[in-house]
>>> print(open('run_3.txt').read())   # compact mmCIF, C-alpha atoms
# COMPACT_ATOMS: atom_id res chain seq x y z
CA MET A 16 -26.58 -7.99 8.86
CA PHE A 17 -24.24 -8.38 11.83
CA TYR A 18 -20.92 -6.52 11.95
CA LYS A 19 -19.14 -6.06 15.25
CA LYS A 20 -15.68 -5.00 16.35
CA TYR A 21 -13.94 -6.48 19.39
CA GLN A 22 -11.05 -5.22 21.50
CA PRO A 23 -7.89 -7.33 21.64
CA ALA A 24 -6.36 -8.44 24.95
CA PRO A 25 -4.10 -5.72 26.45
CA HIS A 26 -0.84 -7.54 25.65
CA LEU A 27 -1.79 -7.70 21.94
CA ARG A 28 -2.91 -4.07 21.65
CA PRO A 29 0.51 -2.80 20.52
CA PHE A 30 0.02 -4.96 17.42
CA VAL A 31 -3.72 -5.45 16.94
CA GLU A 32 -6.15 -2.58 16.42
CA CYS A 33 -9.29 -4.71 16.71
CA TYR A 34 -11.02 -7.90 15.65
CA TYR A 35 -14.24 -8.03 13.69
CA VAL A 36 -16.93 -10.50 12.81
CA TRP A 37 -19.21 -9.99 9.83
CA GLU A 38 -22.16 -12.33 9.28
CA ASN A 39 -25.69 -12.36 7.99
CA ALA A 40 -28.49 -14.32 9.62
CA GLN A 41 -30.25 -15.03 6.35
CA SER A 42 -28.59 -15.98 3.12
CA LEU A 43 -28.58 -13.14 0.56
CA LYS A 44 -31.02 -13.80 -2.25
CA GLN A 45 -29.31 -11.24 -4.47
CA SER A 46 -25.65 -10.37 -4.49
CA ILE A 47 -24.62 -7.10 -2.87
CA THR A 48 -21.64 -4.82 -3.42
CA VAL A 49 -19.95 -3.25 -0.41
CA GLU A 50 -17.15 -0.75 -0.87
CA SER A 51 -14.45 0.43 1.45
CA PRO A 52 -12.06 3.37 1.39
CA PRO A 53 -8.40 2.64 2.18
CA ASN A 54 -8.18 2.53 5.98
CA GLY A 55 -4.46 2.40 6.73
CA PHE A 56 -4.50 -1.02 8.40
CA GLY A 57 -3.48 -4.48 7.25
CA SER A 58 -5.51 -7.50 8.22
CA LEU A 59 -5.69 -11.26 8.53
CA VAL A 60 -9.07 -12.66 7.53
CA PHE A 61 -10.79 -16.07 7.59
CA ASN A 62 -13.88 -16.61 5.48
CA TYR A 63 -16.33 -19.30 6.61
CA GLY A 64 -19.18 -18.02 4.45
CA ASP A 65 -19.64 -18.33 0.70
CA PRO A 66 -16.77 -17.32 -1.60
CA TYR A 67 -16.80 -13.69 -2.70
CA GLN A 68 -15.14 -11.40 -5.23
CA LEU A 69 -12.94 -8.34 -4.96
CA LEU A 70 -13.30 -5.51 -7.43
CA THR A 71 -10.61 -2.86 -7.83
CA GLN A 72 -10.11 -0.19 -10.47
CA LYS A 73 -6.69 -1.54 -11.32
CA ASN A 74 -7.17 -5.29 -11.41
CA GLY A 75 -10.90 -5.68 -12.09
CA GLN A 76 -12.67 -8.64 -10.51
CA THR A 77 -10.74 -11.35 -8.68
CA ALA A 78 -11.70 -14.17 -6.31
CA VAL A 79 -10.77 -13.53 -2.67
CA PRO A 80 -8.79 -16.38 -1.04
CA VAL A 81 -10.63 -18.24 1.74
CA SER A 82 -8.13 -16.97 4.27
CA PHE A 83 -5.74 -14.19 3.47
CA LEU A 84 -3.35 -11.55 4.69
CA SER A 85 -3.73 -8.04 3.28
CA GLY A 86 -1.41 -5.06 3.52
CA GLN A 87 -2.12 -1.38 2.98
CA SER A 88 -4.81 -0.54 0.44
CA THR A 89 -3.92 2.49 -1.65
CA GLY A 90 -7.36 2.88 -3.20
CA SER A 91 -10.99 2.10 -2.48
CA TYR A 92 -12.18 -1.40 -3.27
CA GLN A 93 -15.46 -3.26 -3.55
CA LEU A 94 -16.53 -6.67 -2.29
CA GLN A 95 -19.22 -8.55 -4.19
CA LEU A 96 -20.95 -10.89 -1.79
CA SER A 97 -23.73 -13.38 -2.22
CA GLY A 98 -25.31 -16.18 -0.19
CA GLN A 99 -23.93 -16.56 3.30
CA ILE A 100 -21.57 -13.95 4.70
CA GLY A 101 -19.23 -15.20 7.39
CA MET A 102 -15.84 -13.78 8.13
CA VAL A 103 -13.66 -13.08 11.11
CA GLY A 104 -10.59 -10.89 10.96
CA ALA A 105 -7.83 -9.24 12.92
CA VAL A 106 -7.09 -5.65 11.95
CA PHE A 107 -3.50 -4.73 12.73
CA ARG A 108 -1.93 -1.47 13.79
CA PRO A 109 0.06 0.05 10.89
CA ALA A 110 3.33 -1.74 11.68
CA GLY A 111 1.74 -4.57 13.68
CA LEU A 112 1.83 -7.29 11.01
CA ASN A 113 5.54 -6.77 10.48
CA SER A 114 6.32 -6.61 14.19
CA LEU A 115 4.39 -9.80 14.90
CA PHE A 116 5.16 -11.87 11.78
CA GLY A 117 8.33 -10.24 10.42
CA LEU A 118 6.85 -9.81 6.93
CA PRO A 119 8.16 -7.17 4.47
CA MET A 120 4.93 -5.22 4.20
CA TYR A 121 5.72 -3.44 0.91
CA GLU A 122 5.12 -6.84 -0.71
CA PHE A 123 1.53 -6.88 0.58
CA THR A 124 0.43 -3.41 -0.48
CA ASP A 125 -2.82 -3.75 -2.45
CA GLU A 126 -2.62 -7.53 -2.17
CA ARG A 127 -4.70 -10.26 -0.54
CA ILE A 128 -2.37 -13.23 -0.27
CA GLU A 129 -3.51 -16.73 0.66
CA LEU A 130 -2.47 -17.29 4.29
CA ALA A 131 -0.99 -20.74 3.69
CA ALA A 132 1.38 -19.23 1.12
CA VAL A 133 2.62 -16.71 3.67
CA LEU A 134 2.51 -18.52 7.00
CA GLY A 135 2.66 -22.16 5.92
CA ASP A 136 1.41 -24.93 8.20
CA ARG A 137 0.99 -22.62 11.16
CA ILE A 138 -2.48 -21.58 10.07
CA GLN A 139 -3.81 -25.06 9.31
CA SER A 140 -5.24 -25.66 12.76
CA ILE A 141 -7.16 -22.39 13.03
CA GLN A 142 -8.37 -22.77 9.45
CA GLN A 143 -9.79 -26.19 10.25
CA HIS A 144 -11.48 -25.11 13.48
CA ILE A 145 -12.76 -21.62 12.64
CA THR A 146 -16.22 -22.95 11.69
CA GLU A 147 -16.69 -24.91 14.91
CA PRO A 148 -17.57 -22.24 17.51
CA ASP A 149 -21.25 -21.34 17.50
CA SER A 150 -20.70 -17.72 18.48
CA PRO A 151 -18.65 -14.78 17.16
CA THR A 152 -16.75 -14.55 20.43
CA GLY A 153 -15.72 -18.19 20.08
CA ARG A 154 -14.14 -17.42 16.70
CA ILE A 155 -12.42 -14.34 18.11
CA GLN A 156 -10.98 -16.48 20.90
CA LEU A 157 -9.55 -18.90 18.34
CA LEU A 158 -8.01 -16.04 16.38
CA GLU A 159 -6.58 -14.46 19.52
CA ALA A 160 -5.12 -17.80 20.63
CA PHE A 161 -3.34 -18.02 17.27
CA LEU A 162 -1.89 -14.52 17.71
CA ASN A 163 -0.89 -15.32 21.30
CA THR A 164 1.07 -18.32 20.06
CA GLN A 165 2.78 -16.15 17.45
CA LEU A 166 3.65 -13.52 20.05
CA ALA A 167 5.07 -16.16 22.39
CA ARG A 168 7.05 -17.76 19.56
CA THR A 169 8.65 -14.54 18.34
CA GLY A 170 8.74 -12.39 21.47
CA ALA A 171 7.72 -9.54 19.17
CA GLU A 172 8.24 -5.98 20.35
CA THR A 173 7.35 -2.62 18.90
CA ASP A 174 9.99 -0.07 17.95
CA ARG A 175 10.33 3.55 16.86
CA THR A 176 8.68 2.86 13.49
CA ASP A 177 5.59 1.49 15.24
CA TYR A 178 5.57 4.63 17.38
CA VAL A 179 5.76 6.97 14.38
CA ALA A 180 3.15 5.05 12.39
CA ASN A 181 0.78 5.07 15.37
CA LEU A 182 1.42 8.78 15.81
CA ILE A 183 0.39 9.38 12.19
CA VAL A 184 -2.85 7.51 12.93
CA GLU A 185 -3.47 9.49 16.13
CA GLN A 186 -2.84 12.77 14.30
CA ARG A 187 -5.28 11.73 11.54
CA GLY A 188 -2.48 12.03 9.00
CA ILE A 189 -2.12 15.75 9.70
CA ILE A 190 1.56 15.72 10.54
CA ASN A 191 4.79 17.18 9.20
CA ILE A 192 6.96 14.13 8.50
CA ASN A 193 10.17 16.14 7.92
CA ALA A 194 9.76 17.94 11.24
CA LEU A 195 9.02 14.62 12.93
CA MET A 196 12.23 13.08 11.56
CA ASP A 197 14.23 16.06 12.83
CA GLU A 198 12.57 15.76 16.21
CA LEU A 199 13.41 12.05 16.47
CA TYR A 200 17.00 12.53 15.25
CA VAL A 201 16.57 9.79 12.67
CA CYS A 202 18.40 9.41 9.35
CA ARG A 203 15.81 10.07 6.64
CA ARG A 204 16.92 7.24 4.38
CA GLN A 205 17.02 4.61 7.11
CA PHE A 206 13.74 5.81 8.57
CA GLU A 207 11.98 5.65 5.20
CA ARG A 208 13.38 2.20 4.40
CA LYS A 209 12.26 0.84 7.75
CA PHE A 210 8.85 2.45 7.41
CA LEU A 211 8.37 0.98 3.94
CA LEU A 212 9.36 -2.44 5.28
CA LYS A 213 7.15 -2.28 8.35
CA VAL A 214 4.10 -0.39 7.07
CA GLY A 215 4.20 -0.99 3.31
CA VAL A 216 4.30 2.58 1.99
CA SER A 217 6.39 5.71 2.67
CA PRO A 218 5.63 7.81 5.77
CA LYS A 219 4.29 10.73 3.71
CA TYR A 220 2.13 8.46 1.60
CA TYR A 221 0.84 6.77 4.75
CA ALA A 222 -0.12 10.15 6.19
CA ARG A 223 -2.12 10.82 2.99
CA ILE A 224 -3.91 7.47 3.34
CA ARG A 225 -4.77 8.18 6.96
CA ARG A 226 -6.05 11.66 6.16
CA ILE A 227 -8.49 10.38 3.54
CA SER A 228 -9.37 7.38 5.69
CA TYR A 229 -10.23 9.48 8.72
CA LEU A 230 -12.24 11.87 6.61
CA CYS A 231 -14.25 9.02 5.07
CA ALA A 232 -14.89 7.53 8.51
CA GLN A 233 -16.20 10.90 9.70
CA LEU A 234 -18.44 11.25 6.65
CA ALA A 235 -19.80 7.71 7.11
CA HIS A 236 -20.48 8.47 10.78
CA LYS A 237 -22.64 11.40 9.66
CA ARG A 238 -24.26 9.21 6.99
CA TRP A 239 -22.67 11.41 4.31
CA ASN A 240 -24.74 14.45 5.29
CA VAL A 241 -22.31 17.26 4.65
CA ASP A 242 -23.48 20.73 5.68
CA ASP A 243 -20.27 22.59 5.06
CA TRP A 244 -17.58 21.18 2.76
CA HIS A 245 -15.18 24.01 3.65
CA ASP A 246 -15.33 22.96 7.29
CA VAL A 247 -14.71 19.31 6.35
CA ILE A 248 -11.76 20.22 4.11
CA TYR A 249 -10.22 22.52 6.73
CA HIS A 250 -10.47 20.00 9.56
CA ALA A 251 -9.05 17.21 7.39
CA GLY A 252 -5.89 19.25 6.85
CA TYR A 253 -6.13 19.99 3.12
CA TYR A 254 -4.74 23.26 1.75
CA ASP A 255 -7.81 24.09 -0.30
CA GLN A 256 -10.71 22.65 -2.22
CA SER A 257 -8.72 21.63 -5.30
CA HIS A 258 -6.11 19.85 -3.16
CA PHE A 259 -8.91 17.98 -1.40
CA ILE A 260 -10.71 17.00 -4.62
CA ARG A 261 -7.47 15.81 -6.22
CA GLU A 262 -6.56 13.67 -3.21
CA PHE A 263 -10.08 12.32 -2.72
CA SER A 264 -10.54 11.41 -6.38
CA GLY A 265 -7.08 9.83 -6.51
CA PHE A 266 -7.75 7.49 -3.60
CA MET A 267 -11.48 6.89 -4.09
CA GLY A 268 -11.78 6.72 -7.86
CA ARG A 269 -14.48 9.38 -8.10
CA ASN A 270 -15.03 12.93 -6.92
CA PRO A 271 -16.37 13.69 -3.42
CA SER A 272 -19.89 14.79 -4.38
CA LEU A 273 -20.42 11.70 -6.54
CA TYR A 274 -19.09 9.51 -3.75
CA VAL A 275 -21.36 11.09 -1.14
CA ARG A 276 -24.37 10.52 -3.43
CA ASN A 277 -23.82 6.93 -4.51
CA ASN A 278 -21.33 5.11 -2.29
CA VAL A 279 -22.14 1.58 -1.09
CA GLU A 280 -20.08 1.51 2.10
CA LEU A 281 -20.87 -1.04 4.77
CA ALA A 282 -22.48 1.62 6.99
CA ASN A 283 -25.31 1.76 4.43
CA PHE A 284 -26.23 -1.83 5.24
CA LEU A 285 -26.10 -1.54 9.02
CA LYS A 286 -28.68 -0.19 11.38
CA SER A 287 -27.58 3.17 12.80
CA MET B 170 -0.88 -23.42 -15.70
CA LYS B 171 0.12 -21.41 -12.66
CA THR B 172 -1.98 -21.49 -9.53
CA THR B 173 -3.22 -18.30 -7.92
CA GLN B 174 -0.90 -18.99 -5.01
CA THR B 175 2.16 -19.20 -7.28
CA GLU B 176 1.17 -16.00 -9.05
CA SER B 177 0.82 -14.19 -5.73
CA LEU B 178 4.22 -15.33 -4.52
CA THR B 179 5.77 -14.36 -7.85
CA ASP B 180 4.36 -10.86 -7.41
CA LEU B 181 5.89 -10.67 -3.94
CA THR B 182 9.32 -11.69 -5.27
CA ARG B 183 9.10 -9.13 -8.06
CA LYS B 184 8.17 -6.39 -5.64
CA GLY B 185 11.27 -7.29 -3.65
CA THR B 186 13.41 -7.02 -6.81
CA SER B 187 11.93 -3.58 -7.54
CA ILE B 188 12.80 -2.40 -4.03
CA GLU B 189 16.33 -3.74 -4.53
CA PHE B 190 16.63 -1.57 -7.66
CA PHE B 191 15.80 1.62 -5.74
CA SER B 192 18.13 0.64 -2.93
CA ALA B 193 20.98 0.22 -5.47
CA TYR B 194 19.97 3.55 -7.09
CA GLN B 195 20.24 5.22 -3.68
CA GLU B 196 23.75 3.78 -3.32
CA ARG B 197 24.47 4.95 -6.91
CA ASP B 198 25.67 1.43 -7.62
CA ILE B 199 25.19 1.01 -11.38
CA GLU B 200 26.43 -2.61 -11.46
CA ARG B 201 23.96 -3.65 -8.74
CA MET B 202 21.18 -1.89 -10.63
CA MET B 203 22.09 -3.52 -13.95
CA ALA B 204 22.31 -7.00 -12.40
CA LEU B 205 18.52 -6.95 -11.99
CA PHE B 206 17.86 -6.48 -15.71
CA ASP B 207 18.05 -8.40 -18.94
CA PRO B 208 20.50 -6.11 -20.80
CA ASN B 209 18.54 -6.61 -24.03
CA GLY B 210 15.32 -5.45 -22.38
CA GLU B 211 13.49 -2.29 -23.47
CA PHE B 212 14.31 1.07 -21.92
CA TRP B 213 11.62 3.75 -22.28
CA LEU B 214 11.67 7.34 -20.99
CA MET B 215 7.98 8.00 -21.54
CA PRO B 216 7.93 11.84 -21.66
CA LEU B 217 10.56 11.77 -24.41
CA GLY B 218 8.79 9.55 -26.93
CA PRO B 219 5.89 7.21 -27.69
CA GLU B 220 8.06 4.06 -27.80
CA PRO B 221 11.09 2.58 -26.03
CA GLN B 222 14.24 4.42 -27.09
CA GLY B 223 16.81 1.64 -26.61
CA THR B 224 17.99 -1.30 -24.56
CA ILE B 225 18.51 -1.36 -20.83
CA GLY B 226 22.10 -2.61 -21.26
CA GLU B 227 23.14 0.36 -23.43
CA LEU B 228 20.79 3.33 -23.16
CA GLY B 229 19.64 2.47 -19.64
CA ARG B 230 23.21 2.12 -18.38
CA ASN B 231 24.28 5.39 -20.08
CA PHE B 232 21.23 7.25 -18.83
CA TRP B 233 21.66 6.25 -15.20
CA THR B 234 25.41 6.82 -15.35
CA GLY B 235 24.63 10.32 -16.70
CA VAL B 236 22.04 11.02 -14.00
CA ILE B 237 24.38 9.95 -11.20
CA GLY B 238 27.19 12.00 -12.73
CA ALA B 239 25.11 15.17 -13.05
CA PHE B 240 23.24 14.74 -9.75
CA PRO B 241 25.80 13.14 -7.40
CA ASP B 242 23.45 13.36 -4.41
CA ILE B 243 20.55 11.75 -6.31
CA ASP B 244 18.25 9.95 -3.90
CA ASN B 245 14.75 8.51 -3.80
CA THR B 246 11.77 7.75 -1.59
CA VAL B 247 9.61 4.79 -2.60
CA ASP B 248 6.00 5.77 -1.92
CA LYS B 249 4.43 2.46 -2.93
CA VAL B 250 4.99 -0.66 -5.01
CA THR B 251 1.96 -2.33 -6.57
CA THR B 252 1.11 -5.02 -9.13
CA GLU B 253 -0.70 -4.42 -12.41
CA ASP B 254 -1.13 -7.58 -14.49
CA ASP B 255 2.42 -8.81 -15.18
CA LYS B 256 3.96 -5.46 -14.27
CA ILE B 257 5.22 -3.93 -11.04
CA VAL B 258 4.42 -0.24 -10.73
CA CYS B 259 6.55 1.87 -8.38
CA ASN B 260 5.57 5.38 -7.33
CA VAL B 261 8.81 7.03 -6.32
CA VAL B 262 9.98 10.53 -5.49
CA LEU B 263 13.40 11.31 -6.99
CA PHE B 264 15.43 14.29 -5.78
CA GLY B 265 18.92 15.67 -6.19
CA THR B 266 21.10 18.69 -6.91
CA GLN B 267 22.50 19.36 -10.37
CA THR B 268 26.28 19.78 -10.55
CA ALA B 269 26.88 19.24 -14.29
CA ASP B 270 25.02 19.75 -17.56
CA PHE B 271 22.57 16.93 -18.23
CA ALA B 272 20.53 15.99 -21.32
CA GLY B 273 20.62 19.53 -22.69
CA ILE B 274 19.89 21.13 -19.31
CA THR B 275 22.61 23.60 -18.35
CA ASN B 276 23.83 23.23 -14.80
CA LYS B 277 22.60 26.07 -12.56
CA GLY B 278 23.22 24.25 -9.28
CA LEU B 279 19.50 23.84 -8.67
CA ARG B 280 17.69 21.05 -6.88
CA PHE B 281 14.77 18.99 -8.19
CA ASN B 282 12.16 16.91 -6.41
CA SER B 283 9.91 15.01 -8.76
CA ASP B 284 7.28 12.26 -8.58
CA HIS B 285 8.23 9.41 -10.92
CA ILE B 286 6.46 6.22 -11.95
CA PHE B 287 8.67 3.22 -12.79
CA ILE B 288 6.96 0.32 -14.54
CA PHE B 289 8.92 -2.94 -14.55
CA ARG B 290 8.02 -5.99 -16.64
CA PHE B 291 9.55 -9.35 -15.72
CA ASN B 292 10.31 -12.62 -17.47
CA GLU B 293 9.74 -16.13 -16.08
CA ASP B 294 13.12 -15.99 -14.32
CA ASP B 295 12.06 -12.79 -12.55
CA LYS B 296 14.60 -10.65 -14.42
CA ILE B 297 13.36 -7.23 -15.49
CA VAL B 298 12.89 -7.31 -19.28
CA ALA B 299 11.40 -3.84 -19.74
CA VAL B 300 11.40 -0.59 -17.82
CA ALA B 301 9.28 2.46 -18.55
CA ILE B 302 9.73 5.67 -16.57
CA ASP B 303 7.24 8.53 -16.48
CA TRP B 304 7.46 11.96 -14.85
CA ASP B 305 6.37 15.55 -15.34
CA HIS B 306 9.22 16.66 -17.57
CA ALA B 307 8.07 20.29 -17.78
CA SER B 308 8.12 20.59 -14.01
CA PHE B 309 11.50 18.82 -13.84
CA GLN B 310 13.00 21.27 -16.33
CA HIS B 311 11.38 24.24 -14.60
CA GLN B 312 12.88 23.24 -11.25
CA LEU B 313 16.31 23.12 -12.87
CA GLY B 314 15.92 26.62 -14.27
CA VAL B 315 14.96 25.87 -17.89
>>> encode(input="run_3.txt", output="C-alpha cells")
Amino acid sequence: MFYKKYQPAPHLRPFVECYYVWENAQSLKQSITVESPPNGFGSLVFNYGDPYQLLTQKNGQTAVPVSFLSGQSTGSYQLQLSGQIGMVGAVFRPAGLNSLFGLPMYEFTDERIELAAVLGDRIQSIQQHITEPDSPTGRIQLLEAFLNTQLARTGAETDRTDYVANLIVEQRGIININALMDELYVCRRQFERKFLLKVGVSPKYYARIRRISYLCAQLAHKRWNVDDWHDVIYHAGYYDQSHFIREFSGFMGRNPSLYVRNNVELANFLKS
Amino acid sequence: MKTTQTESLTDLTRKGTSIEFFSAYQERDIERMMALFDPNGEFWLMPLGPEPQGTIGELGRNFWTGVIGAFPDIDNTVDKVTTEDDKIVCNVVLFGTQTADFAGITNKGLRFNSDHIFIFRFNEDDKIVAVAIDWDHASFQHQLGV
C-alpha cells in the first residue's frame, strides 16, 4: 500500500497543511477497514479508485462521495475499502478552508459534502482530469493548480483566527484559551463566533480535539507500544487518569487499552 | 425521493438555522429566537420529564423569557453542531449570573456554567418543529446554591 504526504508550495502553506496520495498497487481481494482518530484538519479529497464506505458511531454506514469537502471530525471514523484504492487530497490548516473558500465551517463539522454541491462548476475540470496523470506528483500538481487559481481569484489572507488556531495546533492543544483571549485583547463572544465560523468548533473544543489527535499520532508512531501510561497522560496535558480515559473514550468510542489492542489505523497497513 | 446532495445541503442550511438560534439567544432577542420555530412544535426539557412538556410557542417562549429575566447576562458558547438523522444536535455551554428567583431556585446571586445539548428537529420548510434540551440539572442546581 502506498501512502505519501507532500508539502504545499510556500505561498499556499498558510492555508494548506499537506497533500496526500493513497493508492494500492494490487486490487484488494478482501475489503479492509481503516480507522482514523479526529485530526483537527479539514480536507478536500478526490477519489479515483473504487467507491468506499464511511462508518461512524453516530450515522452508521454511508457511501463516501467521489469528491468531497470535509470539516472537523469530532470522533473517530472508519473507512471500508475494497478493490482499487486511489485518492488524492489536500489537508488544510484549521482555518485554511474558510480563509481560501469563505465557507462557514461549522456547517461541515462531521460531514463529507459532495464538492460540486459546495463549489459548483469550479471543480469540474480537476474532477475530469484527476485520473489522467500517471504519477502521484502529477495529481498533486493538478490539485495545487486548482488551489492556486482559488487563491488568485479570492486574494485570500489569513487573520488572527488563523493565528490562534495554528497556535493551538503548535501547542498540541495544551493551551489556556481564556488567558490567550486576554493576551490578544479580543472580545470573547466575537472571537468565539469567528472561530466557530472559520474552524467549525469552539476554541476550547478544538484544543480538546488537537490534544487527543496529537496523542494518537504519538501512539501510532510508537506502534501503540505504551511503556508508561502516566507519562503519556502527563505529557498530553490531562489532569489525571480518569480525565484522560473520559476524553479518550468520548472521542474514540472505546477506552484507551482496548484501542491500543485492536485499532485498525492506517499505520498498521504501512511498512514502518 | 431526495438525492444525497440535496440531503447534505439541507443539513447545512439547518445547521445555519441552529447557529442563528444561539446568536439570537446571546442577544436575548426572544422574537428572533421564536421566528425560527413552528409555535406548535414540541418543547421538551429532558431532565424534568420523560416527554415534551408543552409547545414551543407557549412553554418555550415562557421558559426562555424566564431564563433571560432571571439571568440577564445569560450567554453561550457553541462547541459543535452536528447532524443525527433528521436532527441537528448542538453541544453548547450556557453561563450566566442569577439575579431573580427562577423555577423554584431562590436567587443567591450565583453564577452557573453548564454543558447543554440542544436537539432540533426540522420540517420540510426548515422550520424547527421540536426542540429537546438536556443538561446536568443536579450540577446546575448545585452551582446556584441549591
>>> atom_distance(input="run_3.txt", atom1="atom CA of B:Asn260", atom2="atom CA of A:Leu273")
26.8 Å
>>> atom_distance(input="run_3.txt", atom1="atom CA of B:Asp303", atom2="atom CA of A:Arg225")
26.3 Å
>>> residues_around(input="run_3.txt", residues="A:Ala131", least_positions_apart="3", cutoff="10 Å", atoms="all atoms listed in the file", output="ChimeraX atom specification")
/A:82-84,128,134-139,142 /B:174
>>> atom_distance(input="run_3.txt", atom1="atom CA of A:Met120", atom2="atom CA of A:Ala132")
14.8 Å
>>> closest_residue(input="run_3.txt", among="B:Val315, B:Met215, B:Val250, B:Ile302", to="chain A", atoms="all atoms listed in the file")
B:Val250
>>> closest_atom_pairs(input="run_3.txt", of="chain A", to="chain B", cutoff="12 Å", atoms="all atoms listed in the file", output="JSON lines")
{"residue": "A:Thr71", "atom": "CA", "partner": "B:Glu253", "partner_atom": "CA", "distance": 11.0}
{"residue": "A:Gln72", "atom": "CA", "partner": "B:Glu253", "partner_atom": "CA", "distance": 10.5}
{"residue": "A:Lys73", "atom": "CA", "partner": "B:Glu253", "partner_atom": "CA", "distance": 6.7}
{"residue": "A:Asn74", "atom": "CA", "partner": "B:Glu253", "partner_atom": "CA", "distance": 6.6}
{"residue": "A:Gly75", "atom": "CA", "partner": "B:Asp254", "partner_atom": "CA", "distance": 10.2}
{"residue": "A:Thr77", "atom": "CA", "partner": "B:Thr173", "partner_atom": "CA", "distance": 10.3}
{"residue": "A:Ala78", "atom": "CA", "partner": "B:Thr173", "partner_atom": "CA", "distance": 9.6}
{"residue": "A:Val79", "atom": "CA", "partner": "B:Thr173", "partner_atom": "CA", "distance": 10.4}
{"residue": "A:Pro80", "atom": "CA", "partner": "B:Thr173", "partner_atom": "CA", "distance": 9.1}
{"residue": "A:Val81", "atom": "CA", "partner": "B:Gln174", "partner_atom": "CA", "distance": 11.9}
{"residue": "A:Ser82", "atom": "CA", "partner": "B:Gln174", "partner_atom": "CA", "distance": 11.9}
{"residue": "A:Phe83", "atom": "CA", "partner": "B:Gln174", "partner_atom": "CA", "distance": 10.9}
{"residue": "A:Leu84", "atom": "CA", "partner": "B:Ser177", "partner_atom": "CA", "distance": 11.5}
{"residue": "A:Ser85", "atom": "CA", "partner": "B:Ser177", "partner_atom": "CA", "distance": 11.8}
{"residue": "A:Gly86", "atom": "CA", "partner": "B:Thr251", "partner_atom": "CA", "distance": 11.0}
{"residue": "A:Gln87", "atom": "CA", "partner": "B:Lys249", "partner_atom": "CA", "distance": 9.6}
{"residue": "A:Ser88", "atom": "CA", "partner": "B:Thr251", "partner_atom": "CA", "distance": 9.9}
{"residue": "A:Thr89", "atom": "CA", "partner": "B:Lys249", "partner_atom": "CA", "distance": 8.4}
{"residue": "A:Gly90", "atom": "CA", "partner": "B:Thr251", "partner_atom": "CA", "distance": 11.2}
{"residue": "A:Leu118", "atom": "CA", "partner": "B:Leu181", "partner_atom": "CA", "distance": 10.9}
{"residue": "A:Pro119", "atom": "CA", "partner": "B:Gly185", "partner_atom": "CA", "distance": 8.7}
{"residue": "A:Met120", "atom": "CA", "partner": "B:Leu181", "partner_atom": "CA", "distance": 9.8}
{"residue": "A:Tyr121", "atom": "CA", "partner": "B:Val250", "partner_atom": "CA", "distance": 6.6}
{"residue": "A:Glu122", "atom": "CA", "partner": "B:Leu181", "partner_atom": "CA", "distance": 5.1}
{"residue": "A:Phe123", "atom": "CA", "partner": "B:Leu181", "partner_atom": "CA", "distance": 7.3}
{"residue": "A:Thr124", "atom": "CA", "partner": "B:Thr251", "partner_atom": "CA", "distance": 6.4}
{"residue": "A:Asp125", "atom": "CA", "partner": "B:Thr251", "partner_atom": "CA", "distance": 6.5}
{"residue": "A:Glu126", "atom": "CA", "partner": "B:Thr251", "partner_atom": "CA", "distance": 8.2}
{"residue": "A:Arg127", "atom": "CA", "partner": "B:Ser177", "partner_atom": "CA", "distance": 8.5}
{"residue": "A:Ile128", "atom": "CA", "partner": "B:Ser177", "partner_atom": "CA", "distance": 6.4}
{"residue": "A:Glu129", "atom": "CA", "partner": "B:Gln174", "partner_atom": "CA", "distance": 6.6}
{"residue": "A:Leu130", "atom": "CA", "partner": "B:Gln174", "partner_atom": "CA", "distance": 9.6}
{"residue": "A:Ala131", "atom": "CA", "partner": "B:Gln174", "partner_atom": "CA", "distance": 8.9}
{"residue": "A:Ala132", "atom": "CA", "partner": "B:Gln174", "partner_atom": "CA", "distance": 6.5}
{"residue": "A:Val133", "atom": "CA", "partner": "B:Leu178", "partner_atom": "CA", "distance": 8.5}
{"residue": "A:Gly135", "atom": "CA", "partner": "B:Gln174", "partner_atom": "CA", "distance": 11.9}
{"residue": "A:Arg203", "atom": "CA", "partner": "B:Thr246", "partner_atom": "CA", "distance": 9.5}
{"residue": "A:Arg204", "atom": "CA", "partner": "B:Thr246", "partner_atom": "CA", "distance": 7.9}
{"residue": "A:Gln205", "atom": "CA", "partner": "B:Thr246", "partner_atom": "CA", "distance": 10.6}
{"residue": "A:Phe206", "atom": "CA", "partner": "B:Thr246", "partner_atom": "CA", "distance": 10.5}
{"residue": "A:Glu207", "atom": "CA", "partner": "B:Thr246", "partner_atom": "CA", "distance": 7.1}
{"residue": "A:Arg208", "atom": "CA", "partner": "B:Thr246", "partner_atom": "CA", "distance": 8.3}
{"residue": "A:Lys209", "atom": "CA", "partner": "B:Val247", "partner_atom": "CA", "distance": 11.4}
{"residue": "A:Phe210", "atom": "CA", "partner": "B:Asp248", "partner_atom": "CA", "distance": 10.3}
{"residue": "A:Leu211", "atom": "CA", "partner": "B:Val247", "partner_atom": "CA", "distance": 7.7}
{"residue": "A:Leu212", "atom": "CA", "partner": "B:Ile188", "partner_atom": "CA", "distance": 9.9}
{"residue": "A:Val214", "atom": "CA", "partner": "B:Lys249", "partner_atom": "CA", "distance": 10.4}
{"residue": "A:Gly215", "atom": "CA", "partner": "B:Lys249", "partner_atom": "CA", "distance": 7.1}
{"residue": "A:Val216", "atom": "CA", "partner": "B:Lys249", "partner_atom": "CA", "distance": 4.9}
{"residue": "A:Ser217", "atom": "CA", "partner": "B:Asp248", "partner_atom": "CA", "distance": 4.6}
{"residue": "A:Pro218", "atom": "CA", "partner": "B:Asp248", "partner_atom": "CA", "distance": 8.0}
{"residue": "A:Lys219", "atom": "CA", "partner": "B:Asp248", "partner_atom": "CA", "distance": 7.7}
{"residue": "A:Tyr220", "atom": "CA", "partner": "B:Asp248", "partner_atom": "CA", "distance": 5.9}
{"residue": "A:Tyr221", "atom": "CA", "partner": "B:Asp248", "partner_atom": "CA", "distance": 8.5}
{"residue": "A:Ala222", "atom": "CA", "partner": "B:Asp248", "partner_atom": "CA", "distance": 11.1}
{"residue": "A:Arg223", "atom": "CA", "partner": "B:Asp248", "partner_atom": "CA", "distance": 10.7}
{"residue": "A:Ile224", "atom": "CA", "partner": "B:Asp248", "partner_atom": "CA", "distance": 11.3}
>>> residues_around(input="run_3.txt", residues="A:Leu234", least_positions_apart="6", cutoff="10 Å", atoms="all atoms listed in the file", output="number ranges by chain")
A: 228, 240-241, 247, 275
